[in-house]
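Before any comments, here is the structure.
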Amino acid sequence: MKDMSDFITAFGPASIGNAGVGFDMLGLALAGAGDRVLARRTNGDRVTVSEVRGLDGELHPYLSTNADENTASIAAQALWDAHGDGGGVELKVHKGIPLQSGMGSSAASAVAGAVATNALLRTPLKIEALLPYALEGEKYASGGVHADNVAPSLFGGLVLCPAVLLPEVIQLPTPAGVSVVLLHPDLLVNTAESRRALPKSVSMKLWLEQQGLLAGFIHACETDNIDLMGKTLRDVVIEPHRKGNVVCFDDVVAAASKTGALGCTLSGSGPSIFALCKDPDARNVASAMEQACRVQGIGCQSWVSAMNAPGAFVESQL
Ligand code: HSE
């Protein structure tokens, strides 16, 4: 039991769903971008959203304050229903991640909503216990249960979260000296639609190939084997169906590879594209990826992050 705090601000970082090689079950946190949720107790009886602000600090033009339609409040309500002690909660959601960007925007809001609301509880839960509540929010946005954005946003770093193990997840070690570069082209991809467009079955040949890549990639992370990491950061199953949504994809990948990236593929359902590279190459890789995108007339932004970026946290508690 703790003293009651009245005003909480929590941060949920962006994330790279699939981490390229593990569709729906591997994810990577990204430093430098994320959503903030401010929470306070009210005399009401449920979770409400009083404002949603966009990247420019203005009221968000698309996201509504309907608490049944916002991933932050859906996650917060699920937690409050299970552990709240009466009264309501008001949330303000400040988006720091572009929508439909492949950067785990809906997951970051859900995670920040759960973390902020948790800090209002008389006896807050451990961070591990928040996963199922954050997942409720993510489920609303993406139309399926996959924790590959929510889990890294909550815990940080590289997380293995196959549905068969949920709510248990496995935090994997990350090799020293490897950076993540993420390029966000100014394009939109709706994750739910992109998931519906995927084929419902996959050949034995591709399934075996991808299993080998995933196993090899995890082993590479566990043994600091950067060479093996480069050989295994590939997606032979999902990427071929999605890369057509991102017109600059092939050129960006080629630019990353020419500047020394270990591997480069889609982040989540795209349009963002991420690369892993040795630390000293990261800035060059980022500018080459940006340039390859801009020459096609597509605006973009890039981030360079450590592979073990921190997860969500309470920023302030008054
Ligand atoms: N695993 C999800 C997908 C991530 O690829 O559809 C979405 O960010």
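Note on naming: chains are A, B, ... as they come in the structure tokens, residues start from 1 per chain, ligands start from 1 in the order shown.
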Long-range neighbours of Asn70 (chain A) as a PyMOL selection string, 10 Å cut-off, only C-alpha atoms, 4 positions minimum in chain: chain A and resi 48-49+52+63-66+74-76+93+106+109-110+113+137-138+140-141
Contacts of region 58-62 of chain A at 12 Å (only C-alpha atoms; same-chain gap of 5+ positions) as an MDAnalysis selection string: chainID A and resid 50:53 69:70 92:96 98:100
Looking at A:Thr259, A:Ser305, A:Ser269, A:Thr117, which one is nearest to ligand 1, with distances taken over only C-alpha atoms and all ligand atoms?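 For ligand 1, the nearest of the given residues is A:Ser269.
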Excluding Leu121 (chain A) and any residue of its chain fewer than 4 positions from it, enumerate the residues within 12 Å of it, using only C-alpha atoms, and give them as a list in words.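 The residues that qualify are Met1, Lys2, Asp3, Met4, Ser5, Asp6, Phe7, Ile8, Ala39, Arg40, Arg41, Ala76, Leu79, Trp80, Asp81, Ala82, His83, Gly84, Asp85, Gly86, Gly87, Gly88, Val89, Ala114, Val115, Ala116, Thr117, Leu125 and Lys126 of chain A.
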For the interface of region 138-184 of chain A with region 10-34 of chain A (cut-off 9 Å, counting only C-alpha atoms), please tabulate each contacting residue of region 138-184 of chain A alongside its nearest pair of atoms and their separation in Å to one decimal, rows sorted by chain and increasing number, as a tab-separated table.
```
residue	atom	partner	partner_atom	distance
A:Val145	CA	A:Asp24	CA	8.7
A:His146	CA	A:Asp24	CA	5.4
A:Ala147	CA	A:Met25	CA	6.8
A:Asp148	CA	A:Gly27	CA	4.5
A:Asn149	CA	A:Gly17	CA	5.0
A:Val150	CA	A:Ser15	CA	7.9
A:Ala151	CA	A:Gly27	CA	7.3
A:Pro152	CA	A:Ala29	CA	4.9
A:Ser153	CA	A:Pro13	CA	5.2
A:Leu154	CA	A:Gly12	CA	6.8
A:Phe155	CA	A:Ala29	CA	8.2
A:Gly156	CA	A:Ala29	CA	5.2
A:Gly157	CA	A:Ala29	CA	5.2
A:Leu158	CA	A:Leu28	CA	4.5
A:Val159	CA	A:Gly27	CA	5.4
A:Leu160	CA	A:Leu26	CA	4.6
A:Cys161	CA	A:Met25	CA	4.7
A:Pro162	CA	A:Met25	CA	4.5
A:Ala163	CA	A:Met25	CA	7.1
A:Val180	CA	A:Leu30	CA	7.8
A:Leu182	CA	A:Leu30	CA	8.4
```
Store the residues of this selection in a file with N, CA, C and O atoms, as a PDB file, in the first residue's frame.
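Saved to result38.pdb:
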```pdb
ATOM      1  N   VAL A 145      -4.821 -10.778 -31.203  1.00  0.00           N
ATOM      2  CA  VAL A 145      -4.002 -10.772 -29.995  1.00  0.00           C
ATOM      3  C   VAL A 145      -2.567 -11.093 -30.364  1.00  0.00           C
ATOM      4  O   VAL A 145      -2.230 -12.231 -30.685  1.00  0.00           O
ATOM      5  N   HIS A 146      -1.748 -10.091 -30.383  1.00  0.00           N
ATOM      6  CA  HIS A 146      -0.305 -10.293 -30.575  1.00  0.00           C
ATOM      7  C   HIS A 146       0.395  -9.269 -29.697  1.00  0.00           C
ATOM      8  O   HIS A 146       0.017  -8.101 -29.659  1.00  0.00           O
ATOM      9  N   ALA A 147       1.392  -9.738 -28.966  1.00  0.00           N
ATOM     10  CA  ALA A 147       2.023  -8.869 -27.959  1.00  0.00           C
ATOM     11  C   ALA A 147       3.343  -8.299 -28.441  1.00  0.00           C
ATOM     12  O   ALA A 147       4.100  -7.738 -27.644  1.00  0.00           O
ATOM     13  N   ASP A 148       3.639  -8.418 -29.744  1.00  0.00           N
ATOM     14  CA  ASP A 148       4.989  -8.046 -30.200  1.00  0.00           C
ATOM     15  C   ASP A 148       5.228  -6.535 -30.235  1.00  0.00           C
ATOM     16  O   ASP A 148       6.373  -6.107 -30.433  1.00  0.00           O
ATOM     17  N   ASN A 149       4.197  -5.717 -30.008  1.00  0.00           N
ATOM     18  CA  ASN A 149       4.412  -4.286 -29.777  1.00  0.00           C
ATOM     19  C   ASN A 149       4.220  -3.950 -28.298  1.00  0.00           C
ATOM     20  O   ASN A 149       5.031  -3.221 -27.713  1.00  0.00           O
ATOM     21  N   VAL A 150       3.157  -4.486 -27.714  1.00  0.00           N
ATOM     22  CA  VAL A 150       2.859  -4.155 -26.319  1.00  0.00           C
ATOM     23  C   VAL A 150       3.989  -4.622 -25.385  1.00  0.00           C
ATOM     24  O   VAL A 150       4.422  -3.866 -24.507  1.00  0.00           O
ATOM     25  N   ALA A 151       4.470  -5.841 -25.567  1.00  0.00           N
ATOM     26  CA  ALA A 151       5.471  -6.375 -24.618  1.00  0.00           C
ATOM     27  C   ALA A 151       6.781  -5.587 -24.652  1.00  0.00           C
ATOM     28  O   ALA A 151       7.272  -5.187 -23.585  1.00  0.00           O
ATOM     29  N   PRO A 152       7.376  -5.302 -25.825  1.00  0.00           N
ATOM     30  CA  PRO A 152       8.597  -4.485 -25.782  1.00  0.00           C
ATOM     31  C   PRO A 152       8.339  -3.064 -25.291  1.00  0.00           C
ATOM     32  O   PRO A 152       9.189  -2.479 -24.611  1.00  0.00           O
ATOM     33  N   SER A 153       7.169  -2.505 -25.593  1.00  0.00           N
ATOM     34  CA  SER A 153       6.879  -1.154 -25.103  1.00  0.00           C
ATOM     35  C   SER A 153       6.792  -1.168 -23.574  1.00  0.00           C
ATOM     36  O   SER A 153       7.226  -0.235 -22.907  1.00  0.00           O
ATOM     37  N   LEU A 154       6.254  -2.230 -23.031  1.00  0.00           N
ATOM     38  CA  LEU A 154       6.123  -2.333 -21.568  1.00  0.00           C
ATOM     39  C   LEU A 154       7.463  -2.647 -20.898  1.00  0.00           C
ATOM     40  O   LEU A 154       7.843  -2.023 -19.912  1.00  0.00           O
ATOM     41  N   PHE A 155       8.182  -3.608 -21.448  1.00  0.00           N
ATOM     42  CA  PHE A 155       9.380  -4.112 -20.749  1.00  0.00           C
ATOM     43  C   PHE A 155      10.692  -3.561 -21.291  1.00  0.00           C
ATOM     44  O   PHE A 155      11.734  -3.666 -20.651  1.00  0.00           O
ATOM     45  N   GLY A 156      10.701  -3.050 -22.509  1.00  0.00           N
ATOM     46  CA  GLY A 156      11.940  -2.573 -23.127  1.00  0.00           C
ATOM     47  C   GLY A 156      12.706  -3.709 -23.792  1.00  0.00           C
ATOM     48  O   GLY A 156      12.394  -4.896 -23.610  1.00  0.00           O
ATOM     49  N   GLY A 157      13.684  -3.358 -24.617  1.00  0.00           N
ATOM     50  CA  GLY A 157      14.571  -4.337 -25.238  1.00  0.00           C
ATOM     51  C   GLY A 157      13.889  -5.232 -26.250  1.00  0.00           C
ATOM     52  O   GLY A 157      12.903  -4.855 -26.895  1.00  0.00           O
ATOM     53  N   LEU A 158      14.426  -6.423 -26.388  1.00  0.00           N
ATOM     54  CA  LEU A 158      13.946  -7.416 -27.354  1.00  0.00           C
ATOM     55  C   LEU A 158      13.151  -8.477 -26.595  1.00  0.00           C
ATOM     56  O   LEU A 158      13.675  -9.079 -25.654  1.00  0.00           O
ATOM     57  N   VAL A 159      11.915  -8.699 -27.008  1.00  0.00           N
ATOM     58  CA  VAL A 159      11.043  -9.590 -26.230  1.00  0.00           C
ATOM     59  C   VAL A 159      10.422 -10.633 -27.159  1.00  0.00           C
ATOM     60  O   VAL A 159       9.922 -10.301 -28.238  1.00  0.00           O
ATOM     61  N   LEU A 160      10.468 -11.883 -26.690  1.00  0.00           N
ATOM     62  CA  LEU A 160       9.822 -12.982 -27.406  1.00  0.00           C
ATOM     63  C   LEU A 160       8.488 -13.240 -26.715  1.00  0.00           C
ATOM     64  O   LEU A 160       8.460 -13.484 -25.497  1.00  0.00           O
ATOM     65  N   CYS A 161       7.409 -13.169 -27.474  1.00  0.00           N
ATOM     66  CA  CYS A 161       6.089 -13.284 -26.835  1.00  0.00           C
ATOM     67  C   CYS A 161       5.135 -14.079 -27.716  1.00  0.00           C
ATOM     68  O   CYS A 161       4.145 -13.543 -28.212  1.00  0.00           O
ATOM     69  N   PRO A 162       5.413 -15.385 -27.929  1.00  0.00           N
ATOM     70  CA  PRO A 162       4.482 -16.192 -28.722  1.00  0.00           C
ATOM     71  C   PRO A 162       3.140 -16.309 -28.008  1.00  0.00           C
ATOM     72  O   PRO A 162       3.105 -16.420 -26.776  1.00  0.00           O
ATOM     73  N   ALA A 163       2.050 -16.289 -28.770  1.00  0.00           N
ATOM     74  CA  ALA A 163       0.708 -16.324 -28.177  1.00  0.00           C
ATOM     75  C   ALA A 163       0.536 -17.526 -27.247  1.00  0.00           C
ATOM     76  O   ALA A 163      -0.142 -17.433 -26.234  1.00  0.00           O
ATOM     77  N   VAL A 180      19.811   0.106 -33.585  1.00  0.00           N
ATOM     78  CA  VAL A 180      18.607  -0.001 -34.405  1.00  0.00           C
ATOM     79  C   VAL A 180      18.427   1.332 -35.123  1.00  0.00           C
ATOM     80  O   VAL A 180      18.517   2.387 -34.501  1.00  0.00           O
ATOM     81  N   LEU A 182      15.538   3.235 -37.413  1.00  0.00           N
ATOM     82  CA  LEU A 182      14.172   3.126 -37.917  1.00  0.00           C
ATOM     83  C   LEU A 182      13.860   4.324 -38.792  1.00  0.00           C
ATOM     84  O   LEU A 182      14.087   5.466 -38.402  1.00  0.00           O
TER      85      LEU A 182
END
```
Nearest-residue call for ligand 1, choices A:Asp235, A:Glu209, A:Glu290, A:Glu90, using only C-alpha atoms and all ligand atoms: A:Asp235
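Relative to CA of Ile273 (chain A), CA of Ile298 (chain A) is found at 13.5 Å.
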Of the listed residues A:Ala129, A:Leu208, A:Leu266, A:Ser201, that which approaches Leu233 (chain A) most closely, counting only C-alpha atoms: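 Under the stated criterion, the closest residue is A:Leu266.
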Just the alpha helix (DSSP H) stuff from region 53-166 of chain A, please, per backbone DSSP, written as a PyMOL selection string. chain A and resi 71-83+105-118+131-142+150-155
Preceding selection exported with N, CA and C atoms as a CSV table (one decimal), in the first residue's frame:
```csv
chain,number,residue,atom,x,y,z
A,71,THR,N,-7.1,3.2,-27.3
A,71,THR,CA,-6.4,2.0,-26.7
A,71,THR,C,-5.9,2.3,-25.3
A,72,ALA,N,-5.6,3.6,-25.0
A,72,ALA,CA,-5.2,3.9,-23.6
A,72,ALA,C,-6.3,3.7,-22.6
A,73,SER,N,-7.5,4.1,-22.9
A,73,SER,CA,-8.6,4.0,-22.0
A,73,SER,C,-9.1,2.6,-21.9
A,74,ILE,N,-9.1,1.9,-23.0
A,74,ILE,CA,-9.5,0.5,-23.0
A,74,ILE,C,-8.6,-0.3,-22.1
A,75,ALA,N,-7.3,-0.1,-22.2
A,75,ALA,CA,-6.4,-0.8,-21.3
A,75,ALA,C,-6.6,-0.4,-19.9
A,76,ALA,N,-6.7,0.9,-19.7
A,76,ALA,CA,-6.9,1.5,-18.3
A,76,ALA,C,-8.2,0.9,-17.7
A,77,GLN,N,-9.3,0.9,-18.5
A,77,GLN,CA,-10.6,0.4,-17.9
A,77,GLN,C,-10.5,-1.1,-17.5
A,78,ALA,N,-9.8,-1.9,-18.4
A,78,ALA,CA,-9.6,-3.3,-18.0
A,78,ALA,C,-8.9,-3.4,-16.7
A,79,LEU,N,-7.9,-2.6,-16.5
A,79,LEU,CA,-7.1,-2.7,-15.2
A,79,LEU,C,-8.0,-2.2,-14.1
A,80,TRP,N,-8.7,-1.1,-14.3
A,80,TRP,CA,-9.5,-0.5,-13.2
A,80,TRP,C,-10.6,-1.5,-12.9
A,81,ASP,N,-11.2,-2.1,-13.9
A,81,ASP,CA,-12.3,-3.1,-13.6
A,81,ASP,C,-11.8,-4.2,-12.6
A,82,ALA,N,-10.6,-4.6,-12.9
A,82,ALA,CA,-10.0,-5.8,-12.2
A,82,ALA,C,-9.4,-5.3,-10.8
A,83,HIS,N,-8.9,-4.1,-10.7
A,83,HIS,CA,-8.1,-3.8,-9.5
A,83,HIS,C,-8.5,-2.4,-8.9
A,105,SER,N,2.1,2.5,-32.4
A,105,SER,CA,1.5,3.7,-31.9
A,105,SER,C,0.3,3.3,-30.9
A,106,SER,N,-0.5,2.4,-31.4
A,106,SER,CA,-1.7,2.0,-30.5
A,106,SER,C,-1.2,1.3,-29.3
A,107,ALA,N,-0.1,0.5,-29.4
A,107,ALA,CA,0.4,-0.3,-28.3
A,107,ALA,C,1.0,0.7,-27.2
A,108,ALA,N,1.7,1.7,-27.7
A,108,ALA,CA,2.4,2.6,-26.8
A,108,ALA,C,1.3,3.4,-26.0
A,109,SER,N,0.2,3.7,-26.6
A,109,SER,CA,-0.9,4.4,-25.8
A,109,SER,C,-1.5,3.4,-24.8
A,110,ALA,N,-1.7,2.2,-25.2
A,110,ALA,CA,-2.3,1.2,-24.3
A,110,ALA,C,-1.4,1.0,-23.1
A,111,VAL,N,-0.1,0.8,-23.4
A,111,VAL,CA,0.9,0.6,-22.4
A,111,VAL,C,1.0,1.8,-21.4
A,112,ALA,N,1.0,3.0,-22.0
A,112,ALA,CA,1.1,4.2,-21.1
A,112,ALA,C,-0.2,4.4,-20.3
A,113,GLY,N,-1.3,4.0,-20.9
A,113,GLY,CA,-2.6,4.1,-20.2
A,113,GLY,C,-2.6,3.1,-19.0
A,114,ALA,N,-2.1,1.9,-19.2
A,114,ALA,CA,-2.1,0.9,-18.2
A,114,ALA,C,-1.1,1.3,-17.1
A,115,VAL,N,0.1,1.8,-17.5
A,115,VAL,CA,1.1,2.1,-16.5
A,115,VAL,C,0.7,3.3,-15.7
A,116,ALA,N,0.1,4.3,-16.3
A,116,ALA,CA,-0.4,5.5,-15.6
A,116,ALA,C,-1.5,5.2,-14.6
A,117,THR,N,-2.5,4.4,-15.0
A,117,THR,CA,-3.6,4.0,-14.2
A,117,THR,C,-3.1,3.1,-13.0
A,118,ASN,N,-2.2,2.2,-13.3
A,118,ASN,CA,-1.6,1.4,-12.3
A,118,ASN,C,-1.1,2.2,-11.1
A,131,LEU,N,0.6,-6.6,-18.6
A,131,LEU,CA,0.6,-7.1,-20.0
A,131,LEU,C,-0.8,-7.4,-20.5
A,132,PRO,N,-1.6,-8.2,-19.7
A,132,PRO,CA,-3.0,-8.6,-20.2
A,132,PRO,C,-3.8,-7.3,-20.4
A,133,TYR,N,-3.7,-6.3,-19.6
A,133,TYR,CA,-4.6,-5.1,-19.7
A,133,TYR,C,-4.1,-4.3,-20.9
A,134,ALA,N,-2.8,-4.1,-21.1
A,134,ALA,CA,-2.4,-3.4,-22.2
A,134,ALA,C,-2.8,-4.1,-23.5
A,135,LEU,N,-2.8,-5.4,-23.5
A,135,LEU,CA,-3.2,-6.2,-24.6
A,135,LEU,C,-4.6,-6.0,-25.0
A,136,GLU,N,-5.5,-5.7,-24.0
A,136,GLU,CA,-6.9,-5.4,-24.3
A,136,GLU,C,-7.0,-4.2,-25.3
A,137,GLY,N,-6.2,-3.2,-25.0
A,137,GLY,CA,-6.2,-2.0,-25.8
A,137,GLY,C,-5.7,-2.3,-27.2
A,138,GLU,N,-4.6,-3.0,-27.3
A,138,GLU,CA,-4.0,-3.3,-28.6
A,138,GLU,C,-4.9,-4.2,-29.4
A,139,LYS,N,-5.7,-5.1,-28.8
A,139,LYS,CA,-6.6,-6.0,-29.5
A,139,LYS,C,-7.6,-5.1,-30.2
A,140,TYR,N,-8.1,-4.1,-29.6
A,140,TYR,CA,-9.1,-3.2,-30.2
A,140,TYR,C,-8.5,-2.6,-31.5
A,141,ALA,N,-7.3,-2.2,-31.5
A,141,ALA,CA,-6.7,-1.5,-32.6
A,141,ALA,C,-6.3,-2.4,-33.8
A,142,SER,N,-5.8,-3.5,-33.4
A,142,SER,CA,-5.2,-4.3,-34.5
A,142,SER,C,-6.1,-5.5,-34.9
A,150,VAL,N,3.2,-4.5,-27.7
A,150,VAL,CA,2.9,-4.2,-26.3
A,150,VAL,C,4.0,-4.6,-25.4
A,151,ALA,N,4.5,-5.8,-25.6
A,151,ALA,CA,5.5,-6.4,-24.6
A,151,ALA,C,6.8,-5.6,-24.7
A,152,PRO,N,7.4,-5.3,-25.8
A,152,PRO,CA,8.6,-4.5,-25.8
A,152,PRO,C,8.3,-3.1,-25.3
A,153,SER,N,7.2,-2.5,-25.6
A,153,SER,CA,6.9,-1.2,-25.1
A,153,SER,C,6.8,-1.2,-23.6
A,154,LEU,N,6.3,-2.2,-23.0
A,154,LEU,CA,6.1,-2.3,-21.6
A,154,LEU,C,7.5,-2.6,-20.9
A,155,PHE,N,8.2,-3.6,-21.4
A,155,PHE,CA,9.4,-4.1,-20.7
A,155,PHE,C,10.7,-3.6,-21.3
```
So, counting only C-alpha atoms, which residue among A:Ala261, A:Ala215, A:Val246, A:Val314 is closest to Cys293 (chain A)?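 When distances to Cys293 (chain A) are compared using only C-alpha atoms, the smallest one comes from A:Val246.
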DSSP strand (DSSP E or B) selection over region 21-52 of chain A, as a PyMOL selection string: chain A and resi 26-42+47-52
Those residues with N, CA, C and O atoms, as a short mmCIF file (atom, residue, chain, number, x, y, z; two decimals), in the first residue's frame please?
```cif
data_model
loop_
_atom_site.label_atom_id
_atom_site.label_comp_id
_atom_site.auth_asym_id
_atom_site.auth_seq_id
_atom_site.Cartn_x
_atom_site.Cartn_y
_atom_site.Cartn_z
N LEU A 26 7.91 -11.53 -31.90
CA LEU A 26 9.18 -10.94 -31.48
C LEU A 26 9.03 -9.44 -31.64
O LEU A 26 8.47 -8.97 -32.65
N GLY A 27 9.50 -8.67 -30.69
CA GLY A 27 9.36 -7.21 -30.79
C GLY A 27 10.52 -6.52 -30.09
O GLY A 27 11.15 -7.08 -29.20
N LEU A 28 10.74 -5.29 -30.52
CA LEU A 28 11.91 -4.54 -30.08
C LEU A 28 11.45 -3.14 -29.68
O LEU A 28 10.74 -2.48 -30.46
N ALA A 29 11.87 -2.67 -28.51
CA ALA A 29 11.53 -1.29 -28.11
C ALA A 29 12.42 -0.31 -28.86
O ALA A 29 13.54 -0.64 -29.24
N LEU A 30 11.91 0.88 -29.06
CA LEU A 30 12.66 1.93 -29.77
C LEU A 30 12.75 3.15 -28.86
O LEU A 30 11.72 3.64 -28.38
N ALA A 31 13.96 3.65 -28.66
CA ALA A 31 14.11 4.85 -27.82
C ALA A 31 13.88 6.09 -28.66
O ALA A 31 14.14 6.09 -29.87
N GLY A 32 13.39 7.14 -28.05
CA GLY A 32 13.30 8.44 -28.71
C GLY A 32 11.92 8.82 -29.21
O GLY A 32 11.70 9.95 -29.62
N ALA A 33 11.00 7.88 -29.22
CA ALA A 33 9.63 8.20 -29.65
C ALA A 33 8.68 7.44 -28.73
O ALA A 33 8.98 6.30 -28.34
N GLY A 34 7.56 8.04 -28.41
CA GLY A 34 6.60 7.34 -27.55
C GLY A 34 5.40 8.21 -27.24
O GLY A 34 5.35 9.38 -27.61
N ASP A 35 4.41 7.60 -26.59
CA ASP A 35 3.19 8.31 -26.19
C ASP A 35 3.20 8.55 -24.69
O ASP A 35 3.77 7.76 -23.93
N ARG A 36 2.55 9.65 -24.28
CA ARG A 36 2.41 9.96 -22.86
C ARG A 36 0.94 9.90 -22.49
O ARG A 36 0.09 10.37 -23.25
N VAL A 37 0.66 9.35 -21.32
CA VAL A 37 -0.70 9.40 -20.80
C VAL A 37 -0.67 10.01 -19.41
O VAL A 37 0.12 9.62 -18.56
N LEU A 38 -1.53 11.01 -19.21
CA LEU A 38 -1.68 11.66 -17.91
C LEU A 38 -2.96 11.11 -17.29
O LEU A 38 -4.00 11.04 -17.98
N ALA A 39 -2.90 10.72 -16.02
CA ALA A 39 -4.07 10.11 -15.38
C ALA A 39 -4.33 10.78 -14.04
O ALA A 39 -3.39 11.14 -13.33
N ARG A 40 -5.61 10.96 -13.73
CA ARG A 40 -5.97 11.43 -12.38
C ARG A 40 -7.28 10.79 -11.97
O ARG A 40 -8.12 10.43 -12.81
N ARG A 41 -7.45 10.63 -10.67
CA ARG A 41 -8.70 10.07 -10.15
C ARG A 41 -9.83 11.09 -10.30
O ARG A 41 -9.58 12.30 -10.22
N THR A 42 -11.05 10.56 -10.49
CA THR A 42 -12.23 11.44 -10.55
C THR A 42 -13.32 10.86 -9.65
O THR A 42 -13.19 9.74 -9.15
N VAL A 47 -13.39 4.95 -16.61
CA VAL A 47 -12.25 5.66 -17.21
C VAL A 47 -12.78 6.53 -18.35
O VAL A 47 -13.54 6.05 -19.19
N THR A 48 -12.38 7.78 -18.34
CA THR A 48 -12.78 8.69 -19.43
C THR A 48 -11.53 9.29 -20.07
O THR A 48 -10.45 9.24 -19.47
N VAL A 49 -11.71 9.83 -21.26
CA VAL A 49 -10.59 10.50 -21.94
C VAL A 49 -11.02 11.95 -22.16
O VAL A 49 -12.02 12.21 -22.83
N SER A 50 -10.29 12.89 -21.59
CA SER A 50 -10.71 14.30 -21.73
C SER A 50 -10.04 14.97 -22.92
O SER A 50 -10.55 15.94 -23.45
N GLU A 51 -8.89 14.48 -23.34
CA GLU A 51 -8.28 15.06 -24.55
C GLU A 51 -7.29 14.08 -25.15
O GLU A 51 -6.69 13.25 -24.46
N VAL A 52 -7.16 14.17 -26.48
CA VAL A 52 -6.10 13.43 -27.18
C VAL A 52 -5.37 14.46 -28.03
O VAL A 52 -5.99 15.15 -28.84
#
```
